$ cat final-v4.txt   # compact mmCIF, C-alpha atoms and all ligand atoms
# COMPACT_ATOMS: atom_id res chain seq x y z
CA MET A 1 -6.16 6.93 -9.31
CA ALA A 2 -5.56 10.68 -9.32
CA ILE A 3 -4.99 13.27 -6.62
CA TYR A 4 -6.52 16.72 -7.01
CA LEU A 5 -6.38 19.94 -5.07
CA VAL A 6 -9.53 21.99 -4.63
CA ASN A 7 -9.67 25.69 -3.69
CA GLN A 8 -12.87 26.16 -1.75
CA GLY A 9 -12.64 29.43 0.12
CA LYS A 10 -15.88 30.43 1.82
CA THR A 11 -17.84 27.45 0.53
CA TYR A 12 -15.51 25.05 2.33
CA ARG A 13 -17.63 24.77 5.47
CA TYR A 14 -20.79 23.99 3.49
CA GLU A 15 -19.16 21.50 1.16
CA ARG A 16 -17.33 19.90 4.11
CA ALA A 17 -20.61 19.55 6.03
CA GLY A 18 -22.34 18.03 3.01
CA SER A 19 -19.42 15.72 2.07
CA TYR A 20 -19.13 16.92 -1.52
CA ILE A 21 -17.45 19.39 -3.80
CA TRP A 22 -19.56 21.31 -6.29
CA SER A 23 -18.90 23.62 -9.22
CA PRO A 24 -21.05 25.15 -11.93
CA LYS A 25 -20.48 23.69 -15.41
CA LEU A 26 -19.81 27.08 -17.01
CA ASN A 27 -18.60 30.39 -15.69
CA LYS A 28 -20.75 33.50 -15.39
CA ALA A 29 -20.06 34.50 -19.00
CA GLY A 30 -21.27 31.07 -20.11
CA ASN A 31 -17.80 29.81 -21.03
CA GLN A 32 -15.85 26.71 -20.14
CA ASN A 33 -13.55 27.07 -17.14
CA ARG A 34 -10.59 24.75 -16.53
CA GLY A 35 -11.29 24.30 -12.85
CA TYR A 36 -14.92 23.43 -13.53
CA SER A 37 -14.34 21.18 -16.54
CA LEU A 38 -11.75 19.18 -14.61
CA MET A 39 -14.56 18.04 -12.25
CA LYS A 40 -15.72 15.60 -14.95
CA SER A 41 -12.51 13.58 -14.71
CA VAL A 42 -12.86 12.86 -10.97
CA LYS A 43 -13.46 9.18 -10.35
CA LYS A 44 -14.39 6.99 -7.44
CA GLY A 45 -11.26 6.19 -5.39
CA ASP A 46 -9.46 9.43 -6.29
CA PHE A 47 -8.17 11.68 -3.53
CA ILE A 48 -8.73 15.41 -3.08
CA ILE A 49 -6.67 17.77 -0.94
CA HIS A 50 -8.79 20.69 0.28
CA ASN A 51 -7.56 24.28 0.51
CA SER A 52 -9.61 26.84 2.34
CA GLY A 53 -8.18 30.29 2.99
CA GLY A 54 -4.55 29.31 2.59
CA ARG A 55 -4.83 26.24 4.78
CA LEU A 56 -4.73 22.73 3.39
CA SER A 57 -7.25 21.43 5.89
CA ALA A 58 -8.40 18.00 4.80
CA ILE A 59 -7.99 15.12 2.41
CA SER A 60 -11.01 13.30 1.04
CA VAL A 61 -11.64 10.00 -0.68
CA VAL A 62 -14.01 10.23 -3.63
CA LYS A 63 -17.06 8.01 -3.15
CA GLU A 64 -18.43 8.00 -6.71
CA ASP A 65 -17.58 9.34 -10.15
CA CYS A 66 -18.47 12.98 -10.81
CA LYS A 67 -22.05 13.55 -11.91
CA SER A 68 -24.34 16.43 -12.87
CA GLY A 69 -25.95 18.15 -9.91
CA GLY A 70 -27.79 21.41 -9.26
CA GLN A 71 -26.28 24.01 -6.97
CA PRO A 72 -26.90 22.97 -3.36
CA ASN A 73 -29.11 25.47 -1.53
CA GLU A 74 -26.61 26.17 1.21
CA LEU A 75 -24.16 27.53 -1.38
CA LYS A 76 -26.71 30.06 -2.59
CA VAL A 77 -27.15 31.64 0.82
CA GLY A 78 -24.93 34.67 1.30
CA GLN A 79 -22.92 33.86 -1.79
CA ASN A 80 -24.71 36.25 -4.11
CA GLU A 81 -21.52 37.84 -5.26
CA TYR A 82 -20.72 34.62 -7.12
CA ASP A 83 -24.08 34.26 -8.79
CA TRP A 84 -23.26 30.80 -10.05
CA ASP A 85 -25.29 29.00 -12.64
CA ASP A 86 -27.44 26.28 -11.09
CA ASP A 87 -26.33 23.59 -13.50
CA GLY A 88 -23.21 22.02 -12.09
CA TRP A 89 -20.94 19.10 -11.33
CA VAL A 90 -20.98 17.34 -7.99
CA VAL A 91 -18.45 14.92 -6.51
CA ASN A 92 -19.43 13.10 -3.35
CA THR A 93 -16.39 12.61 -1.22
CA LYS A 94 -15.53 11.62 2.36
CA TYR A 95 -13.52 14.28 4.19
CA TYR A 96 -10.81 13.55 6.72
CA ASP A 97 -9.85 16.73 8.58
CA PHE A 98 -6.21 17.39 9.31
CA ASP A 99 -5.32 17.88 13.00
CA VAL A 100 -2.79 20.42 11.81
CA PRO A 101 -3.38 22.20 8.51
CA LEU A 102 -0.57 22.83 6.02
CA LEU A 103 -0.20 26.55 5.39
CA THR A 104 0.16 27.42 1.72
CA ALA A 105 2.40 30.34 2.75
CA ASP A 106 4.92 27.75 3.95
CA LEU A 107 4.87 26.09 0.54
CA VAL A 108 5.71 29.08 -1.66
CA GLU A 109 9.46 28.62 -1.73
CA TRP A 110 9.18 24.93 -2.44
CA ALA A 111 6.54 25.51 -5.13
CA ILE A 112 8.71 28.06 -6.94
CA ALA A 113 11.70 25.72 -6.91
CA ASN A 114 9.60 22.79 -8.08
CA TYR A 115 7.27 24.42 -10.59
CA LYS A 116 5.33 21.99 -12.81
CA ASP A 117 3.16 22.89 -15.78
CA ASP A 118 -0.04 21.05 -15.04
CA SER A 119 -0.29 21.32 -11.29
CA ALA A 120 -1.98 23.40 -8.63
CA PHE A 121 0.76 26.00 -8.14
CA GLN A 122 1.66 29.04 -10.21
CA VAL A 123 5.19 30.09 -11.20
CA ASN A 124 5.16 32.51 -8.25
CA GLY A 125 4.58 29.60 -5.86
CA LYS A 126 1.00 30.53 -4.99
CA LEU A 127 -1.96 28.32 -5.66
CA ARG A 128 -3.75 28.76 -8.98
CA LEU A 129 -6.94 30.82 -8.92
CA GLN A 130 -8.95 27.86 -10.07
CA TYR A 131 -11.52 25.65 -8.34
CA LEU A 132 -10.28 22.13 -9.00
CA CYS A 133 -6.63 21.63 -9.96
CA ASN A 134 -4.53 18.69 -11.04
CA LEU A 135 -1.61 17.88 -8.80
CA ALA A 136 1.61 16.75 -10.46
CA LYS A 137 2.75 13.42 -9.04
CA SER A 138 5.83 14.91 -7.38
CA HIS A 139 3.70 17.69 -5.88
CA ALA A 140 1.13 15.23 -4.55
CA GLU A 141 3.91 13.14 -3.05
CA TYR A 142 5.46 16.13 -1.33
CA LEU A 143 2.17 17.45 0.08
CA LEU A 144 1.16 14.01 1.33
CA GLN A 145 4.51 13.53 3.04
CA ARG A 146 4.37 16.98 4.62
CA ALA A 147 0.82 16.28 5.82
CA ILE A 148 1.81 12.87 7.19
CA GLY A 149 4.55 14.55 9.21
CA LEU A 150 2.00 16.84 10.88
CA GLN A 151 -0.98 14.59 11.63
CA LYS A 152 -1.67 12.38 14.63
CA ASP A 153 -5.20 11.08 13.95
CA PRO A 154 -4.77 7.46 12.83
CA ASP A 155 -7.70 7.62 10.35
CA VAL A 156 -6.25 10.68 8.63
CA LEU A 157 -2.80 9.12 8.57
CA GLN A 158 -4.19 5.96 7.06
CA VAL A 159 -5.83 7.88 4.21
CA LEU A 160 -2.71 9.97 3.57
CA LYS A 161 -0.57 6.85 3.50
CA ALA A 162 -3.03 5.04 1.24
CA ALA A 163 -2.89 7.94 -1.20
CA LEU A 164 0.91 7.91 -1.09
CA SER A 165 1.16 4.18 -1.68
CA GLN A 166 -1.29 4.34 -4.60
CA LEU A 167 0.90 7.02 -6.08
CA ASN A 168 3.90 4.71 -5.80
CA PRO A 169 2.62 1.15 -5.94
CA THR A 170 5.33 -1.38 -5.14
CA PRO A 171 6.47 -2.76 -8.48
CA LYS A 172 5.67 -6.42 -9.09
CA THR A 173 8.51 -8.87 -8.66
CA ASP A 174 9.63 -11.05 -11.56
CA GLU A 175 8.16 -13.99 -9.64
CA GLU A 176 4.72 -12.34 -9.59
CA LEU A 177 4.93 -11.29 -13.23
CA ALA A 178 5.92 -14.82 -14.22
CA GLU A 179 3.01 -16.35 -12.28
CA GLU A 180 0.49 -14.14 -14.06
CA MET A 181 1.89 -14.69 -17.55
CA PRO A 182 -0.14 -16.75 -20.06
CA LEU A 183 1.66 -19.98 -21.06
CA LYS A 184 2.54 -18.91 -24.65
CA GLU A 185 4.13 -15.69 -23.47
CA LEU A 186 5.84 -17.49 -20.61
CA GLU A 187 7.40 -20.01 -23.05
CA LYS A 188 8.71 -17.18 -25.23
CA THR A 189 10.01 -15.19 -22.29
CA ALA A 190 11.67 -18.21 -20.70
CA ALA A 191 13.30 -19.16 -24.04
CA LYS A 192 14.64 -15.63 -24.49
CA ARG A 193 16.04 -15.56 -20.98
CA SER A 194 17.59 -19.02 -21.29
CA SER A 195 20.45 -17.64 -23.39
CA LYS A 196 21.56 -14.93 -21.00
CA PRO A 197 24.54 -15.42 -18.68
CA VAL A 198 23.67 -16.51 -15.17
CA GLU A 199 23.76 -13.65 -12.71
CA GLN A 200 25.60 -14.07 -9.48
CA LYS A 201 24.13 -12.61 -6.35
CA GLU A 202 25.92 -12.12 -3.09
CA VAL A 203 23.62 -13.43 -0.42
CA THR A 204 24.22 -12.92 3.24
CA THR A 205 22.14 -14.98 5.61
CA LYS A 206 22.05 -15.14 9.35
CA GLN A 207 22.91 -18.63 10.46
CA TYR A 208 21.88 -19.95 13.83
CA SER A 209 24.24 -22.51 15.20
CA ARG A 210 22.41 -25.64 16.21
CA ASP A 211 23.60 -28.28 18.58
CA PRO A 212 24.66 -31.46 16.73
CA TYR A 213 23.89 -33.65 19.75
CA ILE A 214 20.34 -32.42 20.05
CA SER A 215 19.88 -32.86 16.31
CA GLU A 216 21.27 -36.40 16.38
CA LEU A 217 19.04 -37.36 19.31
CA ALA A 218 15.94 -36.09 17.50
CA LYS A 219 16.81 -38.19 14.45
CA ARG A 220 17.48 -41.28 16.59
CA LEU A 221 14.19 -40.91 18.45
CA ALA A 222 12.37 -40.61 15.12
CA ASN A 223 13.72 -44.03 14.28
CA GLY A 224 13.90 -43.51 10.51
CA LYS A 225 10.38 -42.15 10.20
CA CYS A 226 9.18 -38.60 9.65
CA GLU A 227 7.53 -37.33 12.80
CA LEU A 228 4.89 -35.42 10.84
CA CYS A 229 3.65 -37.76 8.08
CA GLY A 230 4.91 -40.98 9.74
CA GLN A 231 6.43 -42.23 6.48
CA PRO A 232 9.90 -43.81 6.33
CA ALA A 233 12.72 -41.47 5.25
CA PRO A 234 12.59 -41.23 1.41
CA PHE A 235 16.21 -42.33 0.90
CA LYS A 236 19.37 -43.28 2.80
CA ASP A 237 22.28 -40.87 3.05
CA SER A 238 25.83 -41.68 1.89
CA LYS A 239 26.48 -43.50 5.16
CA GLY A 240 23.40 -45.68 4.70
CA LYS A 241 21.35 -43.90 7.40
CA PRO A 242 17.71 -42.92 6.74
CA TYR A 243 17.73 -39.29 5.61
CA LEU A 244 15.71 -36.98 7.89
CA GLU A 245 16.15 -33.29 8.66
CA THR A 246 15.83 -31.72 12.09
CA HIS A 247 13.40 -28.86 12.49
CA HIS A 248 12.78 -26.44 15.32
CA VAL A 249 9.04 -26.34 15.97
CA VAL A 250 9.28 -22.73 17.09
CA TRP A 251 11.83 -21.31 14.65
CA LEU A 252 15.09 -20.06 16.11
CA SER A 253 14.52 -16.87 14.11
CA LYS A 254 11.31 -16.38 16.08
CA GLY A 255 12.95 -16.93 19.44
CA GLY A 256 12.55 -20.73 19.65
CA SER A 257 15.20 -22.59 21.64
CA ASP A 258 17.69 -25.09 20.33
CA SER A 259 16.56 -27.74 22.78
CA VAL A 260 15.27 -31.32 22.73
CA ASP A 261 11.72 -30.19 23.52
CA ASN A 262 11.68 -27.91 20.45
CA THR A 263 13.31 -30.26 17.93
CA VAL A 264 11.75 -32.87 15.65
CA ALA A 265 13.00 -34.97 12.72
CA LEU A 266 11.11 -34.64 9.44
CA CYS A 267 11.28 -35.94 5.90
CA PRO A 268 12.43 -33.24 3.43
CA ASN A 269 8.88 -32.78 2.09
CA CYS A 270 7.33 -32.20 5.48
CA HIS A 271 10.23 -29.96 6.47
CA ARG A 272 9.62 -27.72 3.43
CA LYS A 273 5.91 -27.76 4.19
CA MET A 274 6.52 -26.53 7.74
CA HIS A 275 8.55 -23.60 6.43
CA ILE A 276 6.22 -22.69 3.59
CA VAL A 277 2.76 -23.38 5.03
CA ALA A 278 3.36 -23.39 8.81
CA ASP A 279 -0.05 -24.97 9.38
CA GLU A 280 -1.20 -24.44 12.96
CA HIS A 281 -2.42 -28.03 13.37
CA ASP A 282 0.95 -29.38 12.22
CA ILE A 283 2.70 -27.04 14.64
CA ALA A 284 0.51 -28.17 17.55
CA LEU A 285 1.14 -31.84 16.71
CA LEU A 286 4.91 -31.35 16.45
CA LYS A 287 4.98 -29.40 19.72
CA ARG A 288 3.43 -32.41 21.48
CA ILE A 289 5.87 -34.81 19.84
CA ALA A 290 8.89 -32.67 20.73
CA LYS A 291 7.70 -32.43 24.37
CA ASN A 292 7.37 -36.23 24.51
CA ASN A 293 10.92 -36.60 23.16
CA SER A 294 12.35 -34.59 26.04
ZN ZN B 1 7.05 -36.28 6.35
ZN ZN B 2 13.09 -26.30 9.93
$ encode --input "final-v4.txt" --output "structure tokens" --more "lines below"
Ligand SMILES: [Zn+2]
Ligand SMILES: [Zn+2]
Amino acid sequence: MAIYLVNQGKTYRYERAGSYIWSPKLNKAGNQNRGYSLMKSVKKGDFIIHNSGGRLSAISVVKEDCKSGGQPNELKVGQNEYDWDDDGWVVNTKYYDFDVPLLTADLVEWAIANYKDDSAFQVNGKLRLQYLCNLAKSHAEYLLQRAIGLQKDPDVLQVLKAALSQLNPTPKTDEELAEEMPLKELEKTAAKRSSKPVEQKEVTTKQYSRDPYISELAKRLANGKCELCGQPAPFKDSKGKPYLETHHVVWLSKGGSDSVDNTVALCPNCHRKMHIVADEHDIALLKRIAKNNS
């Protein structure tokens, strides 16, 4: 995914109305032009920030990869001074208009202080005189954040935020990386990591205090059997009592009460299941059981 900036000037209204951006392939002298050649690299899913007359006025989401396309008729009308070649590049893209445009004049100071080689701004902080421009990652990030701060339209905000999150995808956790790893590689990685010292983590958890009398009553009423699967407790504890765990049907962390009518006794397997799967049928069943216990 890439984010570009396009300088459209007078053609903005036509290109906006037609949901595209267009450039000739070669300049008037028949030579390559950076801003035109860059069109070829635009791909479906990329984002484009649109400048027209010193106002960043829209962001668009590219609908398909760039392709060859003749100059649209509406661009020929009244644009004779440009006298573009008909043979061009077209990118079909869905525009989302900003409620409040970002003025490029407000960006000059920032752009000077944060100059990047291959981006849309010149050393003097003004935009390059070029049709399509790359945007350095840090520049794209900054412009998106500035734009997010100004917009109210939820659709526009959604697109801006999507662009920002694609720029900075949340890195995968070790758990996710491990799950995706082929077995051979996993064996090697696990072996390598087996020799390293165990890390200690400080973990702070919120503990809800639960009433021991309510808990004991729930276990007694269960009579040694799990109230979800109906099976006898899998083992006896050190005092010889069937081992069951008490569970709050509506979790305390979600506002459930520590009361008889919200407490059941479960085998360790079912208890884990309730916390990991939280199946709605199981919850409904346990709610009924807890109500009956009270
Ligand atoms: Zn069970
Ligand atoms: Zn529980």
$ residues_near_ligand --input "final-v4.txt" --ligand "ligand ZN 2 (chain B)" --cutoff "12 Å" --atoms "all atoms listed in the file" --output "PyMOL selection string"
chain A and resi 208+210+215+244-254+256+258+262-278+283+286
$ residues_around --input "final-v4.txt" --residues "Ala190 of chain A" --least-positions-apart "6" --cutoff "12 Å" --atoms "only C-alpha atoms" --output "PyMOL selection string"
chain A and resi 174+178+181-184+196
$ atom_distance --input "final-v4.txt" --atom1 "atom CA of Tyr213 of chain A" --atom2 "atom CA of Asp279 of chain A"
27.5 Å
$ residues_near_point --input "final-v4.txt" --point "(-19.8, 22.5, -8.2)" --cutoff "10 Å" --atoms "all atoms listed in the file" --output "NGL selection string"
:A and (15 or 20-26 or 35-36 or 39 or 66-72 or 75 or 84-91 or 131-132)
$ closest_residue --input "final-v4.txt" --among "A:Ala105, A:Leu135, A:Ala58, A:Leu160" --to "Leu5 of chain A" --atoms "all atoms listed in the file"
A:Leu135
$ closest_residue --input "final-v4.txt" --among "A:Gly45, A:Gly149, A:Pro232, A:Gly18" --to "ligand ZN 1 (chain B)" --atoms "only C-alpha atoms and all ligand atoms"
A:Pro232
$ closest_residue --input "final-v4.txt" --among "A:Ser138, A:Gln32, A:Gln200, A:Gln231" --to "ligand ZN 1 (chain B)" --atoms "all atoms listed in the file"
A:Gln231
$ atom_distance --input "final-v4.txt" --atom1 "atom CA of Phe47 of chain A" --atom2 "atom CA of Val108 of chain A"
22.3 Å
